[in-house]
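Student: Below is the file final.cif, with mmCIF, C-alpha atoms; chains and numbers go by the auth columns.
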```cif
data_target
loop_
_atom_site.group_PDB
_atom_site.id
_atom_site.type_symbol
_atom_site.label_atom_id
_atom_site.label_comp_id
_atom_site.label_asym_id
_atom_site.label_seq_id
_atom_site.Cartn_x
_atom_site.Cartn_y
_atom_site.Cartn_z
_atom_site.B_iso_or_equiv
_atom_site.auth_seq_id
_atom_site.auth_asym_id
ATOM 1 C CA MET A 1 -75.785 120.188 -29.719 0.00 275 E
ATOM 2 C CA PRO A 2 -78.741 119.098 -27.556 0.00 276 E
ATOM 3 C CA GLU A 3 -78.457 119.846 -23.834 0.00 277 E
ATOM 4 C CA GLU A 4 -78.793 116.182 -22.913 0.00 278 E
ATOM 5 C CA ILE A 5 -75.747 115.232 -24.979 0.00 279 E
ATOM 6 C CA GLU A 6 -73.729 118.141 -23.558 0.00 280 E
ATOM 7 C CA PHE A 7 -74.659 117.029 -20.058 0.00 281 E
ATOM 8 C CA LEU A 8 -73.676 113.429 -20.831 0.00 282 E
ATOM 9 C CA ILE A 9 -70.295 114.532 -22.218 0.00 283 E
ATOM 10 C CA LYS A 10 -69.630 116.566 -19.060 0.00 284 E
ATOM 11 C CA VAL A 11 -70.564 113.617 -16.848 0.00 285 E
ATOM 12 C CA VAL A 12 -68.243 111.284 -18.779 0.00 286 E
ATOM 13 C CA PHE A 13 -65.268 113.681 -18.507 0.00 287 E
ATOM 14 C CA ILE A 14 -65.916 114.238 -14.793 0.00 288 E
ATOM 15 C CA ALA A 15 -66.359 110.495 -14.125 0.00 289 E
ATOM 16 C CA ILE A 16 -63.105 109.641 -15.907 0.00 290 E
ATOM 17 C CA GLY A 17 -61.248 112.259 -13.885 0.00 291 E
ATOM 18 C CA ILE A 18 -62.707 111.356 -10.507 0.00 292 E
ATOM 19 C CA GLY A 19 -62.457 107.613 -11.145 0.00 293 E
ATOM 20 C CA GLY A 20 -58.883 107.961 -12.364 0.00 294 E
ATOM 21 C CA ILE A 21 -57.693 109.976 -9.385 0.00 295 E
ATOM 22 C CA ILE A 22 -59.428 107.628 -6.922 0.00 296 E
ATOM 23 C CA TYR A 23 -57.856 104.601 -8.617 0.00 297 E
ATOM 24 C CA SER A 24 -54.443 106.301 -8.673 0.00 298 E
ATOM 25 C CA PHE A 25 -54.510 107.082 -4.961 0.00 299 E
ATOM 26 C CA TYR A 26 -55.923 103.650 -4.113 0.00 300 E
ATOM 27 C CA SER A 27 -53.086 101.987 -6.052 0.00 301 E
ATOM 28 C CA ALA A 28 -50.489 104.163 -4.347 0.00 302 E
ATOM 29 C CA LEU A 29 -51.946 103.436 -0.905 0.00 303 E
ATOM 30 C CA MET A 30 -52.112 99.686 -1.553 0.00 304 E
ATOM 31 C CA THR A 31 -48.545 99.497 -2.851 0.00 305 E
ATOM 32 C CA ARG A 32 -47.394 101.484 0.171 0.00 306 E
ATOM 33 C CA ALA A 33 -49.339 99.133 2.475 0.00 307 E
ATOM 34 C CA ALA A 34 -47.589 96.193 0.805 0.00 308 E
ATOM 35 C CA LEU A 35 -44.344 97.431 2.355 0.00 309 E
ATOM 36 C CA SER A 36 -45.598 96.006 5.663 0.00 310 E
ATOM 37 C CA TRP A 37 -46.766 92.707 4.184 0.00 311 E
ATOM 38 C CA ILE A 38 -44.867 89.463 4.681 0.00 312 E
ATOM 39 C CA PRO A 39 -42.006 88.997 2.176 0.00 313 E
ATOM 40 C CA VAL A 40 -41.668 85.391 1.026 0.00 314 E
ATOM 41 C CA SER A 41 -39.583 83.663 -1.597 0.00 315 E
ATOM 42 C CA GLY A 42 -41.329 82.968 -4.877 0.00 316 E
ATOM 43 C CA SER A 43 -40.521 81.495 -8.267 0.00 317 E
ATOM 44 C CA ILE A 44 -41.367 82.971 -11.636 0.00 318 E
ATOM 45 C CA THR A 45 -43.255 80.498 -13.814 0.00 319 E
ATOM 46 C CA SER A 46 -43.557 82.726 -16.890 0.00 320 E
ATOM 47 C CA HIS A 47 -42.790 86.275 -17.927 0.00 321 E
ATOM 48 C CA GLY A 48 -42.579 88.580 -20.903 0.00 322 E
ATOM 49 C CA ILE A 49 -43.529 91.970 -22.334 0.00 323 E
ATOM 50 C CA ASP A 50 -46.363 92.164 -24.840 0.00 324 E
ATOM 51 C CA GLU A 51 -46.129 94.897 -27.457 0.00 325 E
ATOM 52 C CA THR A 52 -49.310 95.785 -29.342 0.00 326 E
ATOM 53 C CA ARG A 53 -50.643 98.674 -31.384 0.00 327 E
ATOM 54 C CA ASP A 54 -53.883 100.459 -30.727 0.00 328 E
ATOM 55 C CA SER A 55 -56.291 101.663 -33.413 0.00 329 E
ATOM 56 C CA ASP A 56 -54.247 104.863 -33.875 0.00 330 E
ATOM 57 C CA GLY A 57 -51.058 102.885 -34.474 0.00 331 E
ATOM 58 C CA ASP A 58 -49.527 103.809 -31.108 0.00 332 E
ATOM 59 C CA TYR A 59 -47.578 101.140 -29.268 0.00 333 E
ATOM 60 C CA MET A 60 -48.790 99.742 -25.944 0.00 334 E
ATOM 61 C CA TYR A 61 -46.566 97.699 -23.664 0.00 335 E
ATOM 62 C CA GLU A 62 -47.671 95.271 -20.986 0.00 336 E
ATOM 63 C CA ALA A 63 -45.362 93.347 -18.681 0.00 337 E
ATOM 64 C CA LYS A 64 -46.612 89.970 -17.565 0.00 338 E
ATOM 65 C CA VAL A 65 -45.119 87.977 -14.732 0.00 339 E
ATOM 66 C CA GLU A 66 -46.634 84.862 -13.219 0.00 340 E
ATOM 67 C CA TYR A 67 -45.209 83.422 -10.053 0.00 341 E
ATOM 68 C CA ILE A 68 -45.816 80.881 -7.322 0.00 342 E
ATOM 69 C CA TYR A 69 -45.151 81.270 -3.620 0.00 343 E
ATOM 70 C CA GLU A 70 -45.808 79.511 -0.365 0.00 344 E
ATOM 71 C CA TYR A 71 -47.251 81.097 2.757 0.00 345 E
ATOM 72 C CA ARG A 72 -47.943 79.208 5.984 0.00 346 E
ATOM 73 C CA GLY A 73 -47.672 75.847 4.277 0.00 347 E
ATOM 74 C CA ARG A 74 -50.052 76.639 1.392 0.00 348 E
ATOM 75 C CA LYS A 75 -49.081 77.236 -2.210 0.00 349 E
ATOM 76 C CA TYR A 76 -50.415 80.238 -4.109 0.00 350 E
ATOM 77 C CA SER A 77 -49.949 81.788 -7.522 0.00 351 E
ATOM 78 C CA GLY A 78 -49.941 85.435 -8.470 0.00 352 E
ATOM 79 C CA LYS A 79 -49.705 87.765 -11.447 0.00 353 E
ATOM 80 C CA ARG A 80 -49.626 91.225 -9.861 0.00 354 E
ATOM 81 C CA ILE A 81 -46.394 93.077 -10.436 0.00 355 E
ATOM 82 C CA ALA A 82 -47.580 96.074 -8.406 0.00 356 E
ATOM 83 C CA PHE A 83 -50.840 97.761 -7.586 0.00 357 E
ATOM 84 C CA GLY A 84 -51.746 100.212 -10.327 0.00 358 E
ATOM 85 C CA PHE A 85 -49.284 98.718 -12.789 0.00 359 E
ATOM 86 C CA GLY A 86 -50.744 97.874 -16.164 0.00 360 E
ATOM 87 C CA SER A 87 -50.171 98.487 -19.820 0.00 361 E
ATOM 88 C CA TRP A 88 -48.592 101.774 -20.848 0.00 362 E
ATOM 89 C CA ASN A 89 -47.588 103.510 -24.012 0.00 363 E
ATOM 90 C CA ILE A 90 -44.366 104.562 -22.274 0.00 364 E
ATOM 91 C CA LYS A 91 -41.983 101.661 -22.762 0.00 365 E
ATOM 92 C CA TRP A 92 -39.456 102.559 -20.055 0.00 366 E
ATOM 93 C CA PHE A 93 -42.198 102.591 -17.348 0.00 367 E
ATOM 94 C CA VAL A 94 -43.028 99.016 -18.248 0.00 368 E
ATOM 95 C CA GLN A 95 -39.454 97.861 -18.765 0.00 369 E
ATOM 96 C CA GLY A 96 -38.237 99.395 -15.510 0.00 370 E
ATOM 97 C CA ALA A 97 -40.703 97.543 -13.295 0.00 371 E
ATOM 98 C CA TYR A 98 -40.408 94.379 -15.380 0.00 372 E
ATOM 99 C CA ILE A 99 -36.611 94.280 -15.152 0.00 373 E
ATOM 100 C CA GLU A 100 -36.735 94.980 -11.429 0.00 374 E
ATOM 101 C CA VAL A 101 -38.966 91.929 -10.944 0.00 375 E
ATOM 102 C CA VAL A 102 -37.287 89.448 -13.297 0.00 376 E
ATOM 103 C CA SER A 103 -33.655 90.457 -12.696 0.00 377 E
ATOM 104 C CA ARG A 104 -33.198 87.582 -10.234 0.00 378 E
ATOM 105 C CA ALA A 105 -35.363 85.087 -12.138 0.00 379 E
ATOM 106 C CA PRO A 106 -36.477 82.490 -11.478 0.00 380 E
ATOM 107 C CA TYR A 107 -36.527 83.668 -7.853 0.00 381 E
ATOM 108 C CA ILE A 108 -38.332 86.765 -6.611 0.00 382 E
ATOM 109 C CA THR A 109 -39.554 88.276 -3.395 0.00 383 E
ATOM 110 C CA VAL A 110 -43.326 88.213 -3.150 0.00 384 E
ATOM 111 C CA TYR A 111 -45.130 90.489 -0.704 0.00 385 E
ATOM 112 C CA VAL A 112 -48.084 88.608 0.787 0.00 386 E
ATOM 113 C CA ASN A 113 -51.068 90.185 2.517 0.00 387 E
ATOM 114 C CA PRO A 114 -51.167 88.301 5.846 0.00 388 E
ATOM 115 C CA LYS A 115 -54.930 88.868 6.168 0.00 389 E
ATOM 116 C CA SER A 116 -55.597 87.463 2.694 0.00 390 E
ATOM 117 C CA PRO A 117 -52.635 85.422 1.390 0.00 391 E
ATOM 118 C CA LYS A 118 -54.128 85.158 -2.109 0.00 392 E
ATOM 119 C CA ILE A 119 -53.362 88.874 -2.473 0.00 393 E
ATOM 120 C CA SER A 120 -49.740 89.462 -3.339 0.00 394 E
ATOM 121 C CA CYS A 121 -47.425 91.627 -5.402 0.00 395 E
ATOM 122 C CA ALA A 122 -43.863 91.460 -6.643 0.00 396 E
ATOM 123 C CA LEU A 123 -43.076 95.153 -6.047 0.00 397 E
ATOM 124 C CA SER A 124 -44.039 97.307 -3.108 0.00 398 E
ATOM 125 C CA GLY A 125 -43.588 101.002 -2.508 0.00 399 E
ATOM 126 C CA ILE A 126 -44.406 104.027 -4.637 0.00 400 E
ATOM 127 C CA ARG A 127 -42.911 103.909 -8.141 0.00 401 E
ATOM 128 C CA SER A 128 -42.713 106.345 -11.042 0.00 402 E
ATOM 129 C CA PHE A 129 -45.851 104.926 -12.675 0.00 403 E
ATOM 130 C CA HIS A 130 -47.859 105.678 -9.515 0.00 404 E
ATOM 131 C CA LEU A 131 -46.724 109.295 -9.604 0.00 405 E
ATOM 132 C CA ALA A 132 -47.388 109.499 -13.352 0.00 406 E
ATOM 133 C CA ASN A 133 -50.989 108.304 -12.812 0.00 407 E
ATOM 134 C CA ILE A 134 -51.575 110.833 -10.038 0.00 408 E
ATOM 135 C CA ILE A 135 -50.085 113.671 -12.091 0.00 409 E
ATOM 136 C CA PHE A 136 -52.013 112.697 -15.230 0.00 410 E
ATOM 137 C CA PHE A 137 -55.402 112.576 -13.511 0.00 411 E
ATOM 138 C CA THR A 138 -54.701 115.725 -11.493 0.00 412 E
ATOM 139 C CA VAL A 139 -53.955 117.587 -14.726 0.00 413 E
ATOM 140 C CA TRP A 140 -57.009 115.960 -16.357 0.00 414 E
ATOM 141 C CA ASN A 141 -59.250 117.188 -13.536 0.00 415 E
ATOM 142 C CA ILE A 142 -57.796 120.709 -13.671 0.00 416 E
ATOM 143 C CA ILE A 143 -58.380 120.889 -17.431 0.00 417 E
ATOM 144 C CA VAL A 144 -61.940 119.560 -17.115 0.00 418 E
ATOM 145 C CA TYR A 145 -62.667 122.005 -14.277 0.00 419 E
ATOM 146 C CA LYS A 146 -61.302 124.933 -16.299 0.00 420 E
ATOM 147 C CA ALA A 147 -63.280 123.839 -19.369 0.00 421 E
ATOM 148 C CA LEU A 148 -66.504 123.496 -17.348 0.00 422 E
ATOM 149 C CA THR A 149 -66.164 126.806 -15.545 0.00 423 E
ATOM 150 C CA SER A 150 -65.271 128.695 -18.712 0.00 424 E
ATOM 151 C CA GLY A 151 -68.104 127.130 -20.719 0.00 425 E
ATOM 152 C CA LEU A 152 -65.892 125.257 -23.193 0.00 426 E
ATOM 153 C CA ILE A 153 -67.780 122.015 -22.535 0.00 427 E
#
```
Would you mind writing the file's structure down as structure tokens?
Tutor:
Amino acid sequence: MPEEIEFLIKVVFIAIGIGGIIYSFYSALMTRAALSWIPVSGSITSHGIDETRDSDGDYMYEAKVEYIYEYRGRKYSGKRIAFGFGSWNIKWFVQGAYIEVVSRAPYITVYVNPKSPKISCALSGIRSFHLANIIFFTVWNIIVYKALTSGLI
């Protein structure tokens, strides 16, 4: 394989690992910061779990919750369940957070960033999916490091 392609492959694996771990820690820090945001009452306007299959036939699950809330006399809408929460191929990760949010539907608690009220989330605090992201990308980076230092890639 040409050296340029080998170099590009190494850069891609390193970028995925570094980007993933940065995103994972950012999400965990933001969801932890949301604990100190202003809790307000909100109403769910729509919700559901989408189930799709990827090109390999594996299932992917994505919880969707849309809500409205009022902060300091202004109405806002939001879709964020939690920072770092997205589609997963692990159904119980998605269902757990989804059920926690919609269990009191149509009413929910919305955590509003007082510095920027358009930024909100329905769950605050570190959850299992945050830890799973951190663990996954930590393991990814260890494997890539071992592969690079041993000459496997």
Student: Within 7 Å of region 297-318 of chain E, which residues of region 367-424 of chain E show up? Give each one with its shortest atom-to-atom distance in Å (one decimal) and the two atoms involved, counting all atoms listed in the file, rows by chain then rising residue number, as a tab-separated table.
Tutor:
```
residue	atom	partner	partner_atom	distance
E:Ala379	CA	E:Ile318	CA	6.4
E:Pro380	CA	E:Ile318	CA	4.9
E:Tyr381	CA	E:Ser317	CA	4.6
E:Ile382	CA	E:Gly316	CA	5.1
E:Thr383	CA	E:Ser315	CA	5.0
E:Val384	CA	E:Val314	CA	5.3
E:Tyr385	CA	E:Pro313	CA	4.5
E:Val386	CA	E:Ile312	CA	5.1
E:Asn387	CA	E:Trp311	CA	5.3
E:Pro388	CA	E:Trp311	CA	6.4
E:Ser398	CA	E:Thr305	CA	5.0
E:Gly399	CA	E:Arg306	CA	4.7
E:Ile400	CA	E:Ala302	CA	6.1
E:His404	CA	E:Ala302	CA	6.0
E:Asn407	CA	E:Ser298	CA	5.8
E:Ile408	CA	E:Ser298	CA	5.5
```
Student: Apply the PyMOL selection byres ((chain E and resi 341) around 6) to the displayed file and report the matching residues as a PyMOL selection string.
Tutor: chain E and resi 317-319+340+342+351-352
Student: In Å, how far is it from CA of Val286 (chain E) to CA of Leu426 (chain E)?
Tutor: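 Computing the Euclidean distance for CA of Val286 (chain E) and CA of Leu426 (chain E) yields 14.8 Å.
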Student: Any chance you could resolve the PyMOL selection byres ((chain E and resi 358-362) around 8) against this file and give the residues as a list of chain:residue names?
Tutor: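 Applying the PyMOL selection byres ((chain E and resi 358-362) around 8) to the structure shown produces E:Tyr297, E:Ser298, E:Ser301, E:Ala302, E:Met334, E:Tyr335, E:Glu336, E:Ala337, E:Ile355, E:Ala356, E:Phe357, E:Asn363, E:Ile364, E:Lys365, E:Phe367, E:Val368, E:Phe403, E:His404.
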Student: Grab the CA of Ala421 (chain E) to CA of Ile296 (chain E) distance for me, in Å with one decimal place.
Tutor: 20.8 Å
Student: So how many Å separate CA of Val339 (chain E) and CA of Cys395 (chain E), to one decimal?
Tutor: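 Interatomic distance here is 10.3 Å.
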Student: Taking only C-alpha atoms into account, name the residue in E:Ala396, E:Pro391, E:Val418, E:Gly293 that is nearest to Ser377 (chain E).
Tutor: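 Closest to Ser377 (chain E) of all the choices is E:Ala396.
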